[in-house]
$ cat entry_28.tsv   # TSV, C-alpha atoms
chain	number	residue	atom	x	y	z
P	42	PRO	CA	14.51	-70.85	-6.10
P	43	GLU	CA	13.00	-67.78	-4.51
P	44	SER	CA	14.04	-64.25	-5.40
P	45	THR	CA	15.72	-62.34	-2.57
P	46	MET	CA	15.17	-58.89	-4.10
P	47	ASP	CA	13.28	-56.33	-2.04
P	48	PRO	CA	10.33	-54.64	-3.68
P	49	VAL	CA	11.13	-51.14	-5.01
P	50	PRO	CA	8.71	-48.45	-3.83
P	51	VAL	CA	6.98	-46.62	-6.63
P	52	THR	CA	6.97	-42.87	-6.27
P	53	ALA	CA	4.88	-40.54	-8.33
P	54	ILE	CA	6.88	-38.25	-10.55
P	55	ALA	CA	5.21	-34.96	-11.26
P	56	MET	CA	5.90	-33.54	-14.68
P	57	LYS	CA	6.40	-29.80	-14.79
P	58	LEU	CA	5.86	-27.68	-17.87
P	59	LEU	CA	7.94	-24.54	-18.18
P	60	ASP	CA	7.12	-21.96	-20.84
P	61	VAL	CA	10.26	-20.00	-21.64
P	62	ARG	CA	10.77	-18.09	-24.85
P	63	LEU	CA	14.24	-18.06	-26.32
P	64	LYS	CA	13.66	-14.78	-28.11
P	65	PRO	CA	11.17	-12.07	-27.12
P	66	SER	CA	8.29	-11.40	-29.48
P	67	SER	CA	8.74	-8.55	-31.93
P	68	ALA	CA	5.14	-8.19	-33.17
P	69	ILE	CA	3.57	-5.08	-31.64
P	70	ILE	CA	-0.19	-5.15	-30.95
P	71	THR	CA	-0.53	-1.54	-29.79
P	72	SER	CA	1.44	1.20	-28.09
P	73	VAL	CA	0.65	4.30	-26.05
P	74	MET	CA	2.70	7.21	-24.79
P	75	GLY	CA	2.67	8.55	-21.23
P	76	GLU	CA	4.64	9.56	-18.16
P	77	PHE	CA	4.79	6.22	-16.36
P	78	THR	CA	7.93	6.31	-14.17
P	79	ALA	CA	8.33	10.01	-13.38
P	80	PRO	CA	6.63	13.31	-14.21
P	81	SER	CA	7.77	15.00	-17.45
P	82	ARG	CA	9.49	11.83	-18.71
P	83	SER	CA	7.87	10.61	-21.91
P	84	GLU	CA	7.81	6.85	-22.23
P	85	ILE	CA	6.19	4.38	-24.60
P	86	ALA	CA	4.26	1.35	-23.32
P	87	VAL	CA	4.19	-1.41	-25.94
P	88	LEU	CA	1.90	-4.45	-25.92
P	89	LYS	CA	3.47	-7.32	-27.83
P	90	ALA	CA	2.16	-10.62	-29.10
P	91	GLY	CA	2.57	-13.50	-26.68
P	92	GLY	CA	1.51	-11.45	-23.66
P	93	MET	CA	4.46	-9.13	-23.13
P	94	ILE	CA	4.39	-5.51	-21.97
P	95	GLU	CA	7.48	-3.38	-22.52
P	96	LEU	CA	8.19	0.12	-21.26
P	97	LEU	CA	10.56	2.08	-23.50
P	98	ARG	CA	12.14	5.54	-23.25
P	99	ILE	CA	13.56	7.63	-26.10
P	100	VAL	CA	17.03	8.84	-25.10
P	101	GLN	CA	18.90	11.57	-26.97
P	102	THR	CA	22.67	11.88	-26.59
P	103	ASP	CA	25.17	13.72	-28.80
P	104	GLY	CA	22.68	14.34	-31.59
P	105	ALA	CA	21.72	10.66	-31.81
P	106	SER	CA	18.53	9.24	-30.40
P	107	PHE	CA	17.78	5.65	-29.50
P	108	VAL	CA	15.18	3.63	-27.64
P	109	LYS	CA	16.08	2.26	-24.20
P	110	LEU	CA	14.21	-0.64	-22.61
P	111	ILE	CA	13.18	0.24	-19.04
P	112	THR	CA	11.25	-2.87	-18.08
P	113	ARG	CA	9.62	-5.94	-19.59
P	114	MET	CA	6.64	-7.76	-18.05
P	115	GLU	CA	5.69	-11.29	-19.06
P	116	THR	CA	2.00	-12.10	-18.72
P	117	SER	CA	0.25	-15.40	-19.24
P	118	SER	CA	-2.54	-13.94	-21.32
P	119	GLU	CA	-3.32	-12.64	-24.77
P	120	LEU	CA	-3.18	-8.85	-24.57
P	121	ARG	CA	-5.78	-7.03	-26.65
P	122	SER	CA	-5.77	-3.28	-25.91
P	123	CYS	CA	-4.54	-0.58	-23.54
P	124	ALA	CA	-5.07	3.04	-22.56
P	125	VAL	CA	-3.19	5.62	-20.50
P	126	VAL	CA	-4.94	6.82	-17.34
P	127	ARG	CA	-3.86	9.54	-14.97
P	128	LEU	CA	-5.58	9.09	-11.64
P	129	SER	CA	-6.97	12.22	-10.04
P	130	GLY	CA	-4.30	14.00	-8.04
P	131	GLY	CA	-1.53	11.85	-9.52
P	132	LYS	CA	1.58	13.10	-11.25
P	133	ARG	CA	2.28	9.90	-13.16
P	134	ASP	CA	0.24	7.78	-15.53
P	135	VAL	CA	-0.89	4.18	-15.13
P	136	LEU	CA	-1.73	1.69	-17.85
P	137	ALA	CA	-5.19	0.11	-18.22
P	138	VAL	CA	-4.90	-3.20	-20.11
P	139	GLY	CA	-7.65	-5.37	-21.59
P	140	ALA	CA	-6.79	-9.03	-22.14
P	141	ASP	CA	-8.42	-12.40	-22.79
P	142	GLY	CA	-8.81	-13.16	-19.07
P	143	GLY	CA	-12.17	-11.40	-18.77
P	144	ALA	CA	-10.71	-8.60	-16.66
P	145	ILE	CA	-9.25	-5.13	-16.91
P	146	SER	CA	-5.92	-4.60	-15.17
P	147	VAL	CA	-4.41	-1.33	-14.02
P	148	ILE	CA	-0.60	-1.50	-14.08
P	149	ASP	CA	1.72	0.96	-12.33
P	150	PHE	CA	5.37	1.32	-13.36
P	151	GLU	CA	6.63	3.05	-10.22
P	152	GLY	CA	10.40	2.85	-9.93
P	153	GLY	CA	10.70	1.17	-13.33
P	154	LYS	CA	9.03	-2.05	-12.14
P	155	GLY	CA	5.59	-3.05	-13.34
P	156	SER	CA	3.01	-4.09	-10.77
P	157	VAL	CA	-0.73	-4.72	-11.01
P	158	VAL	CA	-2.52	-2.15	-8.86
P	159	HIS	CA	-6.06	-3.33	-9.57
P	160	CYS	CA	-7.67	-6.16	-11.53
P	161	GLU	CA	-11.44	-6.07	-12.07
P	162	THR	CA	-13.08	-9.25	-13.40
P	163	PHE	CA	-16.23	-8.84	-15.47
P	164	GLY	CA	-16.65	-11.75	-17.87
P	165	LYS	CA	-15.65	-15.18	-19.10
P	166	THR	CA	-12.13	-15.96	-20.19
P	167	GLY	CA	-11.07	-16.26	-23.80
P	168	CYS	CA	-11.20	-13.90	-26.74
P	169	ARG	CA	-14.94	-13.82	-27.35
P	170	ARG	CA	-16.96	-11.35	-29.39
P	171	GLY	CA	-19.28	-10.60	-26.48
P	172	THR	CA	-16.69	-10.30	-23.69
P	173	PRO	CA	-15.30	-6.77	-23.23
P	174	GLY	CA	-11.59	-6.33	-23.66
P	175	GLN	CA	-11.10	-5.61	-27.34
P	176	TYR	CA	-11.31	-1.83	-26.95
P	177	VAL	CA	-10.14	0.26	-23.99
P	178	SER	CA	-10.60	4.00	-23.83
P	179	ALA	CA	-9.90	6.48	-21.04
P	180	ASP	CA	-11.27	9.87	-20.11
P	181	PRO	CA	-8.59	12.56	-20.66
P	182	LYS	CA	-9.01	13.81	-17.09
P	183	GLY	CA	-8.61	10.32	-15.60
P	184	ARG	CA	-12.12	10.00	-14.24
P	185	ALA	CA	-13.24	6.84	-16.03
P	186	VAL	CA	-12.15	3.94	-18.24
P	187	MET	CA	-14.47	2.34	-20.80
P	188	ILE	CA	-13.87	-1.21	-21.97
P	189	SER	CA	-15.98	-2.76	-24.69
P	190	ALA	CA	-16.44	-5.89	-26.76
P	191	ILE	CA	-16.72	-6.21	-30.51
P	192	GLU	CA	-20.45	-6.73	-30.09
P	193	LYS	CA	-22.90	-5.18	-27.61
P	194	ARG	CA	-21.28	-5.08	-24.16
P	195	LYS	CA	-19.63	-1.91	-22.92
P	196	LEU	CA	-18.53	-1.25	-19.36
P	197	VAL	CA	-17.46	2.00	-17.73
P	198	TYR	CA	-15.35	2.03	-14.58
P	199	VAL	CA	-15.30	5.27	-12.61
P	200	LEU	CA	-11.92	5.75	-10.97
$ encode --input "entry_28.tsv" --output "structure tokens"
Amino acid sequence: PESTMDPVPVTAIAMKLLDVRLKPSSAIITSVMGEFTAPSRSEIAVLKAGGMIELLRIVQTDGASFVKLITRMETSSELRSCAVVRLSGGKRDVLAVGADGGAISVIDFEGGKGSVVHCETFGKTGCRRGTPGQYVSADPKGRAVMISAIEKRKLVYVL
């Protein structure tokens, strides 16, 4: 006897991978202080393990002081270093971040939200000894940012 069943079409099922952390990282790589959201408002930018940037503000009320989280940015990279830069003519600071992506990113926290203003690529990806990103330093007047590797390579960006 013949089978009367119709053939079932085979459809491709795409598997999606979602990376969601249940608890934010608590290990701090580095932190810097600046006026990121408004002039004369001191805030702390914290780079955390796992590629997270947090912007914190110290709030004092009734003799007690505590730290308030303003914003949290998830990145898909391994953050290595950062520096505070005040662009010429600006009243607020921006954050220059070196990561494993072979680029330096300038992040602005206008209105309490973090956004990448500029991203300059200069090398290969990955945490390598010869790829700049391990050290970031800024000119106090906001004219230039220097990013360097552990060995040899140093780059200066004039803003």
$ closest_residue --input "entry_28.tsv" --among "P:Leu196, P:Val138, P:Val177, P:Ala79" --to "Glu151 in chain P" --atoms "only C-alpha atoms"
P:Ala79
$ atom_distance --input "entry_28.tsv" --atom1 "CA of Asp103 in chain P" --atom2 "CA of Arg82 in chain P"
18.7 Å
$ atom_distance --input "entry_28.tsv" --atom1 "CA of Leu97 in chain P" --atom2 "CA of Arg127 in chain P"
18.3 Å
$ atom_distance --input "entry_28.tsv" --atom1 "CA of Val158 in chain P" --atom2 "CA of Leu88 in chain P"
17.8 Å
$ closest_residue --input "entry_28.tsv" --among "P:Arg121, P:Lys57, P:His159, P:Lys154" --to "Ser189 in chain P" --atoms "only C-alpha atoms"
P:Arg121
$ closest_residue --input "entry_28.tsv" --among "P:Gly171, P:Ala124, P:Arg62, P:Gly130" --to "Ile148 in chain P" --atoms "only C-alpha atoms"
P:Ala124
$ residues_around --input "entry_28.tsv" --residues "Leu136 in chain P" --least-positions-apart "6" --cutoff "7 Å" --atoms "all atoms listed in the file" --output "VMD selection string"
chain P and resid 123 to 126 147 to 149
$ residues_around --input "entry_28.tsv" --residues "Phe150 in chain P" --least-positions-apart "3" --cutoff "10 Å" --atoms "all atoms listed in the file" --output "list in words"
Glu76, Phe77, Thr78, Ala79, Leu96, Ile111, Thr112, Arg133, Asp134, Val135, Leu136, Gly153, Lys154, Gly155, Ser156, Val157 and Val158 of chain P
$ residues_around --input "entry_28.tsv" --residues "Ile191 in chain P" --least-positions-apart "3" --cutoff "8 Å" --atoms "only C-alpha atoms" --output "ChimeraX atom specification"
/P:170-173,175-176,194
$ closest_residue --input "entry_28.tsv" --among "P:Gln101, P:Ile85, P:Gly92, P:Ser129" --to "Asp141 in chain P" --atoms "all atoms listed in the file"
P:Gly92
$ axis_aligned_box --input "entry_28.tsv" --around "range 113-127 of chain P" --padding-each-side "4 Å" --output "AutoDock Vina command-line options"
--center_x 1.9 --center_y -2.9 --center_z -20.8 --size_x 23.4 --size_y 32.9 --size_z 19.7
$ closest_residue --input "entry_28.tsv" --among "P:Gly139, P:Gly131, P:Gly104, P:Gly164" --to "Met187 in chain P" --atoms "all atoms listed in the file"
P:Gly139
$ decode --input "entry_28.tsv" --residues "range 129-163 of chain P" --atoms "C-alpha atoms" --output "mmCIF file, in the first residue's frame"
data_model
loop_
_atom_site.group_PDB
_atom_site.id
_atom_site.type_symbol
_atom_site.label_atom_id
_atom_site.label_comp_id
_atom_site.auth_asym_id
_atom_site.auth_seq_id
_atom_site.Cartn_x
_atom_site.Cartn_y
_atom_site.Cartn_z
ATOM 1 C CA SER P 129 37.548 73.867 22.600
ATOM 2 C CA GLY P 130 34.676 76.258 23.217
ATOM 3 C CA GLY P 131 32.639 73.597 25.020
ATOM 4 C CA LYS P 132 31.156 73.879 28.486
ATOM 5 C CA ARG P 133 30.853 70.149 29.095
ATOM 6 C CA ASP P 134 33.304 67.275 28.966
ATOM 7 C CA VAL P 135 33.295 64.240 26.683
ATOM 8 C CA LEU P 136 34.839 60.846 27.338
ATOM 9 C CA ALA P 137 37.595 59.370 25.139
ATOM 10 C CA VAL P 138 37.599 55.564 25.471
ATOM 11 C CA GLY P 139 40.183 53.055 24.265
ATOM 12 C CA ALA P 140 38.969 49.487 23.760
ATOM 13 C CA ASP P 141 39.952 46.218 22.092
ATOM 14 C CA GLY P 142 38.250 47.150 18.807
ATOM 15 C CA GLY P 143 41.292 48.968 17.426
ATOM 16 C CA ALA P 144 39.598 52.357 17.691
ATOM 17 C CA ILE P 145 39.233 55.337 19.978
ATOM 18 C CA SER P 146 35.676 56.454 20.679
ATOM 19 C CA VAL P 147 34.525 59.860 21.873
ATOM 20 C CA ILE P 148 31.321 59.566 23.917
ATOM 21 C CA ASP P 149 29.024 62.460 24.791
ATOM 22 C CA PHE P 150 26.549 62.236 27.686
ATOM 23 C CA GLU P 151 24.285 65.114 26.662
ATOM 24 C CA GLY P 152 20.930 64.939 28.422
ATOM 25 C CA GLY P 153 22.038 61.949 30.503
ATOM 26 C CA LYS P 154 22.155 59.606 27.491
ATOM 27 C CA GLY P 155 25.436 58.298 26.143
ATOM 28 C CA SER P 156 26.085 58.539 22.417
ATOM 29 C CA VAL P 157 29.211 57.983 20.328
ATOM 30 C CA VAL P 158 30.186 61.279 18.714
ATOM 31 C CA HIS P 159 33.260 60.027 16.875
ATOM 32 C CA CYS P 160 34.994 56.674 16.411
ATOM 33 C CA GLU P 161 38.445 56.635 14.795
ATOM 34 C CA THR P 162 39.820 53.249 13.707
ATOM 35 C CA PHE P 163 43.592 52.823 13.707
#
